[in-house]
>>> print(open('start.tsv').read())   # TSV, C-alpha atoms and all ligand atoms
chain	number	residue	atom	x	y	z
A	1	MET	CA	157.91	339.86	153.20
A	2	LYS	CA	154.52	338.33	152.41
A	3	THR	CA	153.99	340.47	149.32
A	4	ASP	CA	157.35	339.51	147.89
A	5	LEU	CA	156.53	335.86	147.44
A	6	PRO	CA	155.78	334.69	143.91
A	7	TYR	CA	152.48	333.26	142.65
A	8	GLY	CA	151.51	330.06	144.49
A	9	ILE	CA	154.01	330.39	147.30
A	10	ILE	CA	153.12	331.15	150.92
A	11	ALA	CA	155.10	331.71	154.09
A	12	SER	CA	155.27	328.58	156.21
A	13	SER	CA	157.79	328.86	159.04
A	14	LYS	CA	160.81	330.91	159.93
A	15	THR	CA	163.00	328.82	157.69
A	16	ARG	CA	160.67	327.52	155.01
A	17	VAL	CA	158.01	328.59	152.52
A	18	ARG	CA	155.50	326.30	150.84
A	19	CYS	CA	154.66	326.08	147.16
A	20	LEU	CA	150.97	325.28	146.94
A	21	CYS	CA	151.22	324.54	143.21
A	22	CYS	CA	153.63	321.68	143.79
A	23	GLY	CA	152.83	320.83	147.41
A	24	VAL	CA	156.45	321.14	148.55
A	25	TYR	CA	158.42	323.10	151.11
A	26	ILE	CA	161.30	325.28	150.00
A	27	PRO	CA	164.01	326.86	152.16
A	28	LYS	CA	163.19	330.49	152.73
A	29	ALA	CA	165.97	332.02	150.66
A	30	ASN	CA	165.34	334.07	147.55
A	31	LYS	CA	167.76	331.96	145.59
A	32	CYS	CA	165.99	328.70	146.48
A	33	ILE	CA	162.57	330.16	145.76
A	34	GLU	CA	163.75	331.52	142.44
A	35	GLN	CA	165.29	328.21	141.52
A	36	HIS	CA	162.03	326.47	142.35
A	37	THR	CA	159.79	328.83	140.37
A	38	ASN	CA	162.08	328.54	137.36
A	39	GLY	CA	161.96	324.76	137.53
A	40	ALA	CA	160.17	322.63	134.94
A	41	LYS	CA	157.96	320.86	137.47
A	42	HIS	CA	156.67	324.11	138.91
A	43	LYS	CA	155.91	325.53	135.46
A	44	GLU	CA	154.15	322.32	134.55
A	45	ASN	CA	151.93	322.61	137.63
A	46	ILE	CA	151.09	326.25	136.87
A	47	GLU	CA	150.06	325.11	133.40
A	48	LEU	CA	147.90	322.36	134.91
A	49	MET	CA	146.20	324.97	137.08
A	50	ASN	CA	145.42	327.05	133.98
A	51	GLU	CA	143.86	324.02	132.33
A	52	ASN	CA	141.80	323.10	135.39
A	53	ALA	CA	140.22	326.30	136.65
A	54	ILE	CA	142.50	326.48	139.67
A	55	ARG	CA	143.89	329.81	140.77
A	56	PHE	CA	145.96	331.16	143.60
A	57	SER	CA	144.73	334.24	145.41
A	58	ASN	CA	144.97	335.66	148.93
A	59	GLY	CA	147.36	332.92	149.93
A	60	LYS	CA	145.02	330.07	148.99
A	61	MET	CA	144.33	327.72	146.12
A	62	HIS	CA	140.80	327.94	144.74
A	63	CYS	CA	139.21	325.47	142.37
A	64	LYS	CA	136.54	327.32	140.42
A	65	LEU	CA	135.18	324.09	139.02
A	66	CYS	CA	134.58	322.43	142.40
A	67	LYS	CA	133.90	325.79	144.04
A	68	ARG	CA	136.19	325.07	146.95
A	69	VAL	CA	139.41	326.11	148.56
A	70	LEU	CA	142.07	323.43	148.44
A	71	SER	CA	143.57	322.50	151.77
A	72	GLU	CA	147.24	323.24	152.21
A	73	GLU	CA	148.05	319.54	152.03
A	74	ASP	CA	146.19	319.14	148.73
A	75	SER	CA	148.61	319.50	145.85
A	76	VAL	CA	147.29	320.63	142.48
A	77	THR	CA	147.96	317.26	140.88
A	78	TYR	CA	146.30	315.44	143.77
A	79	HIS	CA	143.19	317.60	143.46
A	80	ILE	CA	142.99	317.24	139.68
A	81	GLU	CA	143.03	313.48	140.04
A	82	SER	CA	140.38	313.44	142.77
A	83	ASP	CA	137.04	311.89	141.75
A	84	ASP	CA	134.97	315.05	142.14
A	85	HIS	CA	137.22	317.17	140.01
A	86	ALA	CA	138.00	314.53	137.40
A	87	ASN	CA	134.33	313.57	136.99
A	88	PHE	CA	133.28	317.17	136.63
A	89	MET	CA	135.95	317.79	133.99
A	90	ALA	CA	134.97	314.67	132.09
A	91	ALA	CA	131.28	315.64	132.14
A	92	LEU	CA	132.12	319.14	130.95
A	93	GLU	CA	134.32	317.94	128.13
A	94	ASP	CA	131.75	315.39	127.10
A	95	LEU	CA	129.06	318.04	126.99
A	96	VAL	CA	130.96	320.45	124.76
A	97	ASP	CA	132.45	317.80	122.49
A	98	GLY	CA	131.65	318.77	118.89
A	99	GLU	CA	129.62	321.79	120.01
A	100	PHE	CA	132.13	324.55	119.16
A	101	ILE	CA	132.13	325.67	122.79
A	102	SER	CA	135.44	326.81	124.16
A	103	LEU	CA	136.30	326.12	127.81
A	104	ASP	CA	139.79	327.62	127.70
A	105	PRO	CA	139.17	331.14	129.07
A	106	TYR	CA	137.08	329.63	131.85
A	107	LEU	CA	139.65	326.99	132.74
A	108	ALA	CA	142.39	329.61	132.71
A	109	CYS	CA	140.27	331.53	135.25
A	110	GLU	CA	140.04	334.51	132.92
A	111	LYS	CA	136.25	334.31	132.66
A	112	ASP	CA	133.29	332.93	134.61
A	113	GLU	CA	131.73	331.83	131.35
A	114	VAL	CA	132.48	329.44	128.55
A	115	HIS	CA	132.18	330.69	124.99
A	116	CYS	CA	130.00	329.31	122.22
A	117	GLU	CA	131.72	330.12	118.95
A	118	VAL	CA	128.82	329.38	116.64
A	119	CYS	CA	126.33	331.54	118.59
A	120	ASN	CA	129.03	334.00	119.62
A	121	LYS	CA	127.65	333.89	123.11
A	122	ASN	CA	129.01	333.46	126.65
A	123	ILE	CA	127.37	330.84	128.84
A	124	TYR	CA	127.73	330.66	132.58
A	125	CYS	CA	129.78	327.56	133.31
A	126	SER	CA	127.50	325.03	134.94
A	127	LEU	CA	126.58	321.63	133.52
A	128	LYS	CA	122.91	322.60	133.58
A	129	GLN	CA	123.32	325.88	131.71
A	130	ILE	CA	125.66	324.42	129.12
A	131	GLN	CA	123.31	321.49	128.58
A	132	GLU	CA	120.42	323.89	128.07
A	133	HIS	CA	122.44	325.87	125.58
A	134	VAL	CA	123.54	322.81	123.66
A	135	ASN	CA	119.91	321.67	123.30
A	136	ASP	CA	118.67	325.11	122.36
A	137	LEU	CA	117.16	325.23	118.86
A	138	TYR	CA	119.08	328.33	117.88
A	139	HIS	CA	122.36	326.61	118.85
A	140	ARG	CA	121.41	323.43	116.93
A	141	PHE	CA	120.69	325.60	113.91
A	142	GLN	CA	124.04	327.41	114.17
A	143	ILE	CA	125.86	324.11	114.56
A	144	THR	CA	124.15	322.80	111.45
A	145	GLU	CA	125.16	325.84	109.42
A	146	ARG	CA	128.75	325.49	110.66
A	147	LEU	CA	128.90	321.81	109.80
A	148	LYS	CA	127.50	322.08	106.27
A	149	PRO	CA	130.67	323.41	104.60
A	150	LEU	CA	132.78	320.91	106.56
A	151	ASN	CA	130.64	318.08	105.24
A	152	GLY	CA	130.29	318.88	101.57
A	153	LEU	CA	126.69	320.06	101.88
A	154	PHE	CA	125.43	322.75	99.51
A	155	PRO	CA	122.14	324.58	99.12
A	156	ALA	CA	119.98	323.07	96.36
A	157	ALA	CA	118.16	325.20	93.79
A	158	ASN	CA	114.78	324.52	95.37
A	159	ASN	CA	115.82	326.02	98.77
A	160	THR	CA	114.16	323.23	100.72
A	161	GLU	CA	116.94	320.70	100.29
A	162	VAL	CA	120.71	320.51	100.50
A	163	TRP	CA	122.97	318.52	98.18
A	164	CYS	CA	125.49	316.17	99.74
A	165	LYS	CA	128.39	316.21	97.34
A	166	VAL	CA	130.00	313.25	99.10
A	167	CYS	CA	126.99	310.89	98.95
A	168	LYS	CA	125.46	312.51	95.87
A	169	ILE	CA	122.02	312.76	97.37
A	170	TYR	CA	119.56	315.46	98.36
A	171	ILE	CA	118.60	315.91	102.03
A	172	GLN	CA	115.80	317.99	103.52
A	173	ASP	CA	117.30	321.26	104.66
A	174	ASN	CA	116.36	321.30	108.31
A	175	VAL	CA	118.37	320.84	111.49
A	176	LEU	CA	117.15	317.34	112.22
A	177	SER	CA	117.70	315.75	108.85
A	178	VAL	CA	121.03	317.49	108.20
A	179	LEU	CA	122.45	316.47	111.60
A	180	ASP	CA	121.01	313.02	111.16
A	181	HIS	CA	122.81	312.68	107.82
A	182	ILE	CA	126.12	313.95	109.22
A	183	ASP	CA	125.99	311.87	112.42
A	184	GLU	CA	124.16	308.73	111.34
A	185	ASP	CA	124.40	308.11	107.60
A	186	GLU	CA	126.76	305.16	107.19
A	187	GLU	CA	127.99	305.99	103.72
A	188	HIS	CA	128.68	309.59	104.71
A	189	ILE	CA	130.54	308.64	107.89
A	190	GLU	CA	132.46	305.91	106.09
A	191	TRP	CA	133.68	308.32	103.38
A	192	PHE	CA	135.01	310.74	105.98
A	193	SER	CA	136.64	308.17	108.20
A	194	GLU	CA	138.37	306.50	105.24
A	195	ILE	CA	139.66	309.77	103.76
A	196	GLU	CA	140.63	311.23	107.13
A	197	ASP	CA	142.60	308.08	107.90
A	198	LEU	CA	144.44	308.40	104.62
A	199	ILE	CA	145.35	312.08	104.98
A	200	ASP	CA	146.26	311.86	108.66
A	201	ASN	CA	149.71	313.48	109.01
A	202	GLN	CA	150.07	313.66	105.22
A	203	ASP	CA	149.50	317.40	104.82
A	204	VAL	CA	146.69	316.81	102.35
A	205	SER	CA	143.66	319.09	102.60
A	206	ILE	CA	140.17	318.09	101.50
A	207	GLU	CA	138.80	321.49	102.40
A	208	PRO	CA	138.82	322.85	98.83
A	209	TYR	CA	136.77	319.85	97.77
A	210	LEU	CA	134.30	320.17	100.63
A	211	THR	CA	133.79	323.92	100.53
A	212	ASN	CA	133.45	324.43	96.76
A	213	GLU	CA	130.59	322.64	95.13
A	214	HIS	CA	132.30	322.21	91.75
A	215	GLU	CA	135.84	321.50	92.95
A	216	ALA	CA	136.87	317.92	92.20
A	217	TYR	CA	140.27	318.02	93.90
A	218	ALA	CA	141.90	317.79	97.27
A	219	PHE	CA	145.25	319.58	97.66
A	220	CYS	CA	148.59	318.19	98.76
A	221	ASN	CA	150.49	320.94	100.55
A	222	ARG	CA	153.74	318.98	100.45
A	223	CYS	CA	153.77	318.43	96.71
A	224	GLN	CA	151.78	321.57	95.95
A	225	MET	CA	149.48	319.62	93.68
A	226	ASP	CA	145.84	318.70	93.18
A	227	ILE	CA	144.63	315.15	93.79
A	228	VAL	CA	141.26	313.83	92.67
A	229	CYS	CA	139.29	313.69	95.90
A	230	ASN	CA	138.42	310.05	96.35
A	231	ALA	CA	139.91	307.36	98.53
A	232	GLN	CA	141.61	305.56	95.64
A	233	SER	CA	143.56	308.52	94.24
A	234	ILE	CA	144.43	309.89	97.65
A	235	GLN	CA	145.68	306.49	98.70
A	236	SER	CA	147.90	306.13	95.67
A	237	HIS	CA	149.13	309.70	96.08
A	238	VAL	CA	150.14	309.38	99.72
A	239	HIS	CA	151.97	306.14	98.90
A	240	SER	CA	153.63	307.52	95.79
A	241	GLU	CA	157.39	307.92	95.75
A	242	ALA	CA	157.14	311.61	94.81
A	243	HIS	CA	155.01	312.32	97.88
A	244	LEU	CA	157.08	310.22	100.27
A	245	ASN	CA	160.27	311.89	99.04
A	246	GLN	CA	158.89	315.28	100.02
A	247	PHE	CA	158.87	314.03	103.60
A	248	GLY	CA	162.55	313.15	103.44
A	249	LEU	CA	163.50	316.76	102.77
A	301	ZN	ZN	156.01	324.93	142.79
A	302	ZN	ZN	138.36	320.99	141.39
A	303	ZN	ZN	125.72	328.02	120.81
A	304	ZN	ZN	126.61	312.65	102.77
A	305	ZN	ZN	151.89	314.88	98.11
>>> encode(input="start.tsv", output="structure tokens")
Amino acid sequence: MKTDLPYGIIASSKTRVRCLCCGVYIPKANKCIEQHTNGAKHKENIELMNENAIRFSNGKMHCKLCKRVLSEEDSVTYHIESDDHANFMAALEDLVDGEFISLDPYLACEKDEVHCEVCNKNIYCSLKQIQEHVNDLYHRFQITERLKPLNGLFPAANNTEVWCKVCKIYIQDNVLSVLDHIDEDEEHIEWFSEIEDLIDNQDVSIEPYLTNEHEAYAFCNRCQMDIVCNAQSIQSHVHSEAHLNQFGL
């Protein structure tokens, strides 16, 4: 009987079983159990578990993040909202923000590690180890190289500088000054926030402009046409009748 129960469900009494995902009792009849596991709420909770490093095994709920077994009374949603768990998640997300580190396989309980895409490396999932990785010089260097083409930065002829196409200035080509330009330079940040605001949900891509040094245009995927890549022309394009009509289709 035990082995027949679906994921997350344990025997409770002669007449009932308990779903640990949802924290509810269900009458012990295959039909009721099936109805429950096919329900939207149950599926939603399973999804929450996969986003929060919680897994069911040997009849118990384990939170990998908090390294503890959840009590039978603890529902998944209750645990996720608890201070310990929520604070840990927030710290983790904060730490990997903008670092090209993927938490998904870890949170889905598929791996014990998180994955750094720019270094192509797995890191054991603890705040300390991730922090160390994020501060590592090799990682900073990889991040810088990844960000250059997303920020319109191109190698200059002299090899010691990079050219910012957006700001039309040269910057020393080292991790500190490149990241400083991307994260702190007001003109640079302003250009991106203005353009990104304008193209938000407009299906306009500035990637061709940013990744090719001599490309002057952004591309509108809706109208299949080039637009000069500056705030003024993009603004008039996204407000043009031709563009807006494409959305009506
Ligand atoms: Zn359930
Ligand atoms: Zn937890
Ligand atoms: Zn890395
Ligand atoms: Zn710039
Ligand atoms: Zn358009």
>>> residues_near_ligand(input="start.tsv", ligand="ligand ZN 302 (chain A)", cutoff="6 Å", atoms="only C-alpha atoms and all ligand atoms", output="MDAnalysis selection string")
chainID A and resid 63 65:66 85
>>> closest_atom_pairs(input="start.tsv", of="chain A", to="ligand ZN 301 (chain A)", cutoff="8 Å", atoms="all atoms listed in the file", output="CSV")
residue,atom,partner,partner_atom,distance
A:Gly8,CA,A:ZN301,ZN,7.0
A:Ile9,CA,A:ZN301,ZN,7.4
A:Cys19,CA,A:ZN301,ZN,4.7
A:Leu20,CA,A:ZN301,ZN,6.5
A:Cys21,CA,A:ZN301,ZN,4.8
A:Cys22,CA,A:ZN301,ZN,4.2
A:Gly23,CA,A:ZN301,ZN,6.9
A:Val24,CA,A:ZN301,ZN,6.9
A:His36,CA,A:ZN301,ZN,6.2
A:Thr37,CA,A:ZN301,ZN,5.9
A:Gly39,CA,A:ZN301,ZN,7.9
A:Lys41,CA,A:ZN301,ZN,7.0
A:His42,CA,A:ZN301,ZN,4.0
A:Lys43,CA,A:ZN301,ZN,7.4
A:Asn45,CA,A:ZN301,ZN,7.0
A:Ile46,CA,A:ZN301,ZN,7.8
>>> closest_residue(input="start.tsv", among="A:Ile171, A:Leu150, A:Leu103, A:Ile143", to="A:Pro208", atoms="only C-alpha atoms")
A:Leu150
>>> closest_residue(input="start.tsv", among="A:Ala53, A:Leu147, A:Ala40, A:Leu127", to="A:Pro105", atoms="all atoms listed in the file")
A:Ala53
>>> closest_atom_pairs(input="start.tsv", of="chain A", to="ligand ZN 304 (chain A)", cutoff="6 Å", atoms="only C-alpha atoms and all ligand atoms", output="JSON lines")
{"residue": "A:Cys164", "atom": "CA", "partner": "A:ZN304", "partner_atom": "ZN", "distance": 4.8}
{"residue": "A:Val166", "atom": "CA", "partner": "A:ZN304", "partner_atom": "ZN", "distance": 5.0}
{"residue": "A:Cys167", "atom": "CA", "partner": "A:ZN304", "partner_atom": "ZN", "distance": 4.2}
{"residue": "A:His188", "atom": "CA", "partner": "A:ZN304", "partner_atom": "ZN", "distance": 4.2}
>>> write_last_selection(input="start.tsv", atoms="C-alpha atoms", output="CSV table (one decimal), in the coordinates of the input")
chain,number,residue,atom,x,y,z
A,164,CYS,CA,125.5,316.2,99.7
A,166,VAL,CA,130.0,313.2,99.1
A,167,CYS,CA,127.0,310.9,99.0
A,188,HIS,CA,128.7,309.6,104.7
>>> atom_distance(input="start.tsv", atom1="atom CA of A:Leu107", atom2="atom CA of A:Ile54")
7.5 Å
>>> residues_near_ligand(input="start.tsv", ligand="ligand ZN 303 (chain A)", cutoff="7 Å", atoms="all atoms listed in the file", output="list in words")
Cys116, Glu117, Val118, Cys119, Asn120, Lys121, His133, Val134, His139 and Gln142 of chain A
>>> write_last_selection(input="start.tsv", atoms="C-alpha atoms", output="compact mmCIF listing (two decimals), in the frame of the given file")
# COMPACT_ATOMS: atom_id res chain seq x y z
CA CYS A 116 130.00 329.31 122.22
CA GLU A 117 131.72 330.12 118.95
CA VAL A 118 128.82 329.38 116.64
CA CYS A 119 126.33 331.54 118.59
CA ASN A 120 129.03 334.00 119.62
CA LYS A 121 127.65 333.89 123.11
CA HIS A 133 122.44 325.87 125.58
CA VAL A 134 123.54 322.81 123.66
CA HIS A 139 122.36 326.61 118.85
CA GLN A 142 124.04 327.41 114.17
>>> closest_atom_pairs(input="start.tsv", of="chain A", to="ligand ZN 305 (chain A)", cutoff="8 Å", atoms="only C-alpha atoms and all ligand atoms", output="JSON lines")
{"residue": "A:Gln202", "atom": "CA", "partner": "A:ZN305", "partner_atom": "ZN", "distance": 7.4}
{"residue": "A:Asp203", "atom": "CA", "partner": "A:ZN305", "partner_atom": "ZN", "distance": 7.6}
{"residue": "A:Val204", "atom": "CA", "partner": "A:ZN305", "partner_atom": "ZN", "distance": 7.0}
{"residue": "A:Cys220", "atom": "CA", "partner": "A:ZN305", "partner_atom": "ZN", "distance": 4.7}
{"residue": "A:Asn221", "atom": "CA", "partner": "A:ZN305", "partner_atom": "ZN", "distance": 6.7}
{"residue": "A:Arg222", "atom": "CA", "partner": "A:ZN305", "partner_atom": "ZN", "distance": 5.1}
{"residue": "A:Cys223", "atom": "CA", "partner": "A:ZN305", "partner_atom": "ZN", "distance": 4.3}
{"residue": "A:Gln224", "atom": "CA", "partner": "A:ZN305", "partner_atom": "ZN", "distance": 7.0}
{"residue": "A:Met225", "atom": "CA", "partner": "A:ZN305", "partner_atom": "ZN", "distance": 6.9}
{"residue": "A:His237", "atom": "CA", "partner": "A:ZN305", "partner_atom": "ZN", "distance": 6.2}
{"residue": "A:Val238", "atom": "CA", "partner": "A:ZN305", "partner_atom": "ZN", "distance": 6.0}
{"residue": "A:Ser240", "atom": "CA", "partner": "A:ZN305", "partner_atom": "ZN", "distance": 7.9}
{"residue": "A:Ala242", "atom": "CA", "partner": "A:ZN305", "partner_atom": "ZN", "distance": 7.0}
{"residue": "A:His243", "atom": "CA", "partner": "A:ZN305", "partner_atom": "ZN", "distance": 4.0}
{"residue": "A:Leu244", "atom": "CA", "partner": "A:ZN305", "partner_atom": "ZN", "distance": 7.3}
{"residue": "A:Gln246", "atom": "CA", "partner": "A:ZN305", "partner_atom": "ZN", "distance": 7.3}
>>> closest_residue(input="start.tsv", among="A:Glu190, A:Thr144, A:Ser102, A:Met49", to="A:His79", atoms="only C-alpha atoms")
A:Met49
>>> residues_around(input="start.tsv", residues="A:Val162", least_positions_apart="2", cutoff="8 Å", atoms="all atoms listed in the file", output="list in words")
Leu153, Phe154, Pro155, Ala156, Asn159, Thr160, Cys164, Tyr170, Ile171, Gln172 and Asp173 of chain A
>>> write_last_selection(input="start.tsv", atoms="C-alpha atoms", output="PDB file, keeping the file's coordinate frame")
ATOM      1  CA  LEU A 153     126.690 320.060 101.880  1.00  0.00           C
ATOM      2  CA  PHE A 154     125.430 322.750  99.510  1.00  0.00           C
ATOM      3  CA  PRO A 155     122.140 324.580  99.120  1.00  0.00           C
ATOM      4  CA  ALA A 156     119.980 323.070  96.360  1.00  0.00           C
ATOM      5  CA  ASN A 159     115.820 326.020  98.770  1.00  0.00           C
ATOM      6  CA  THR A 160     114.160 323.230 100.720  1.00  0.00           C
ATOM      7  CA  CYS A 164     125.490 316.170  99.740  1.00  0.00           C
ATOM      8  CA  TYR A 170     119.560 315.460  98.360  1.00  0.00           C
ATOM      9  CA  ILE A 171     118.600 315.910 102.030  1.00  0.00           C
ATOM     10  CA  GLN A 172     115.800 317.990 103.520  1.00  0.00           C
ATOM     11  CA  ASP A 173     117.300 321.260 104.660  1.00  0.00           C
TER      12      ASP A 173
END
>>> residues_around(input="start.tsv", residues="A:Leu95", least_positions_apart="3", cutoff="10 Å", atoms="all atoms listed in the file", output="ChimeraX atom specification")
/A:89-92,98-99,101,127,130-131,134
